Structures are given as C-alpha cells and as structure tokens.
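Chemist: I'd like to ask some things about the structure below.
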Amino acid sequence: MNPVISTLMITTALSCILIIVSFWLPQMNPDSEKLSPYECGFDPLGSARLPFSMRFFLVAILFLLFDLEIALLLPIPWGDQLPDPAQTFFWATSILVLLTLGLVYEWIQGGLEWAE
C-alpha cells in the first residue's frame with residue numbers, strides 16, 4: 001500500500017475516533033451556577049456598558065510601537081553582511097533614536113501616567 005494513502009487513512013481514523021470520544025467523554029451536569037450568565041459565583045451588579053478608559057488604548061498603541069521597533073531591528077544581523085555595514089548601523093540607530101524621542105515626548109507630556 002502506498003505510504004501516503006496509509007498515512008491519510010490513519011490520520012482520518014484517529015481524527016474520527018478523537019471526535020467521537022470528545023462527544024461521549026464529558027459529563028454534562030448543568031446546575032444553577034453553570035446556567036447563570038456569569039460563572040464567577042456572584043450575581044452581576046450594575047451595567048456592563050461602562051465607559052472604557054482611553055489609557056488602555058494608549059498602552060496598547062505604545063506596545064504596538066515598541067513591538068514594531070523590534071520587528072524593524074530584526075534584520076540587523078543579516079545587514080552586517082552587506083558591503084556597507086555602516087549604513088545598516090546608521091538606519092538602525094536612527095530608528096532607535098526616533099522611537100526613544102517619541103517615548104521621551106510621551107513621558108514629558110504625562111501620557112505614561114496611569115493615575116490622574
């Protein structure tokens with residue numbers, strides 16, 4: 001028998017067995033706690049439609065900026081193999097300086113202060 005066909009048959013059989021077992025194995029015993037809208041053990045209080053703080057968005061944007069910085073600096077080890085590694089160093093340093101200046105600006109403006 002062809003090894004590809006046997007591999008497909010084994011994976012298909014194993015997948016079907018796992019699907020059938022996953023439906024039979026779990027015990028379904030619903031009680032009042034599991035049937036409540038929140039499974040945390042207490043009744044919900046107040047409205048779920050509270051205004052969202054803009055500070056969370058600021059932290060997310062700052063995280064994305066510095067995550068992008070890492071992505072931009074990843075090719076540096078390969079850039080050392082170029083004919084002019086000084087140019088690679090220049091661009092990497094300029095990216096770091098630009099992002100550091102942005103961080104300092106946010107810090108001075110108080111954008112990183114969580115408590116008001």
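Residue numbers start at 1 in each chain; chains themselves are named A, B, ... in the order of the structure tokens; ligands are numbered from 1 in the order shown.
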When you look at stretch 103-114 of chain A with a cut-off of 12 Å (counting only C-alpha atoms), what residues show up, excluding the ones that are within fewer than 5 positions of it in the same chain? I need them as an MDAnalysis selection string.
Modeler: chainID A and resid 53:63 65:66 96:98
Chemist: Mind checking which residues fall within 12 Å of A:Thr88, counting only C-alpha atoms, ignoring those fewer than 2 positions away in the same chain, and posting them as a PyMOL selection string?
Modeler: chain A and resi 72-86+90-95
Chemist: Identify, with DSSP run on backbone atoms, the residues in stretch 1-113 of chain A assigned to helix (DSSP H, G or I), and express the list as a PyMOL selection string.
Modeler: chain A and resi 3-24+32-35+54-73+76-79+85-109
Chemist: Let me see the file: selected residues, C-alpha atoms, as a short mmCIF file (atom, residue, chain, number, x, y, z; two decimals), in the first residue's frame.
Modeler:
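As a result, part.cif now contains:
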data_model
loop_
_atom_site.label_atom_id
_atom_site.label_comp_id
_atom_site.auth_asym_id
_atom_site.auth_seq_id
_atom_site.Cartn_x
_atom_site.Cartn_y
_atom_site.Cartn_z
CA PRO A 3 2.63 5.23 2.33
CA VAL A 4 0.70 8.44 1.59
CA ILE A 5 -2.62 6.60 1.46
CA SER A 6 -1.88 4.68 4.66
CA THR A 7 -0.89 7.91 6.42
CA LEU A 8 -4.14 9.58 5.30
CA MET A 9 -6.18 6.59 6.45
CA ILE A 10 -4.51 6.54 9.87
CA THR A 11 -4.93 10.29 10.41
CA THR A 12 -8.57 10.18 9.28
CA ALA A 13 -9.35 7.23 11.56
CA LEU A 14 -7.57 8.85 14.50
CA SER A 15 -9.41 12.12 13.93
CA CYS A 16 -12.78 10.38 13.80
CA ILE A 17 -12.04 8.42 16.97
CA LEU A 18 -11.00 11.59 18.82
CA ILE A 19 -14.14 13.44 17.67
CA ILE A 20 -16.42 10.62 18.81
CA VAL A 21 -14.64 10.31 22.18
CA SER A 22 -14.83 14.08 22.75
CA PHE A 23 -18.64 13.92 22.45
CA TRP A 24 -19.02 10.89 24.76
CA SER A 32 -27.66 26.79 38.72
CA GLU A 33 -24.11 28.17 38.77
CA LYS A 34 -23.29 26.95 35.28
CA LEU A 35 -26.61 28.11 33.89
CA MET A 54 -8.61 55.80 26.94
CA ARG A 55 -5.49 54.88 28.94
CA PHE A 56 -5.92 51.26 27.84
CA PHE A 57 -5.78 52.35 24.21
CA LEU A 58 -2.66 54.41 24.92
CA VAL A 59 -0.89 51.43 26.46
CA ALA A 60 -1.92 49.26 23.51
CA ILE A 61 -0.60 51.79 20.98
CA LEU A 62 2.69 52.15 22.86
CA PHE A 63 3.03 48.38 22.95
CA LEU A 64 2.46 48.19 19.20
CA LEU A 65 5.04 50.91 18.56
CA PHE A 66 7.77 49.18 20.51
CA ASP A 67 6.79 45.80 19.11
CA LEU A 68 7.19 47.31 15.66
CA GLU A 69 10.60 48.58 16.72
CA ILE A 70 11.73 45.02 17.41
CA ALA A 71 10.38 43.90 14.04
CA LEU A 72 12.31 46.67 12.29
CA LEU A 73 15.54 45.82 14.10
CA ILE A 76 20.34 43.90 11.63
CA PRO A 77 22.41 40.68 11.95
CA TRP A 78 21.89 40.00 8.25
CA GLY A 79 22.65 43.62 7.45
CA PRO A 85 27.56 47.74 7.37
CA ALA A 86 27.91 51.37 8.48
CA GLN A 87 24.75 52.23 6.55
CA THR A 88 22.86 49.44 8.34
CA PHE A 89 24.12 50.72 11.67
CA PHE A 90 23.07 54.26 10.73
CA TRP A 91 19.48 53.25 9.88
CA ALA A 92 19.13 51.04 12.96
CA THR A 93 20.43 53.84 15.17
CA SER A 94 18.10 56.37 13.55
CA ILE A 95 15.09 54.11 14.21
CA LEU A 96 16.12 53.70 17.85
CA VAL A 97 16.71 57.43 18.31
CA LEU A 98 13.35 58.29 16.72
CA LEU A 99 11.45 55.86 18.93
CA THR A 100 13.36 56.96 22.03
CA LEU A 101 12.48 60.59 21.29
CA GLY A 102 8.83 59.58 20.95
CA LEU A 103 8.98 57.81 24.30
CA VAL A 104 10.59 60.83 25.96
CA TYR A 105 7.90 63.09 24.45
CA GLU A 106 5.13 60.84 25.80
CA TRP A 107 6.84 60.77 29.19
CA ILE A 108 7.14 64.58 29.34
CA GLN A 109 3.52 65.08 28.24
#
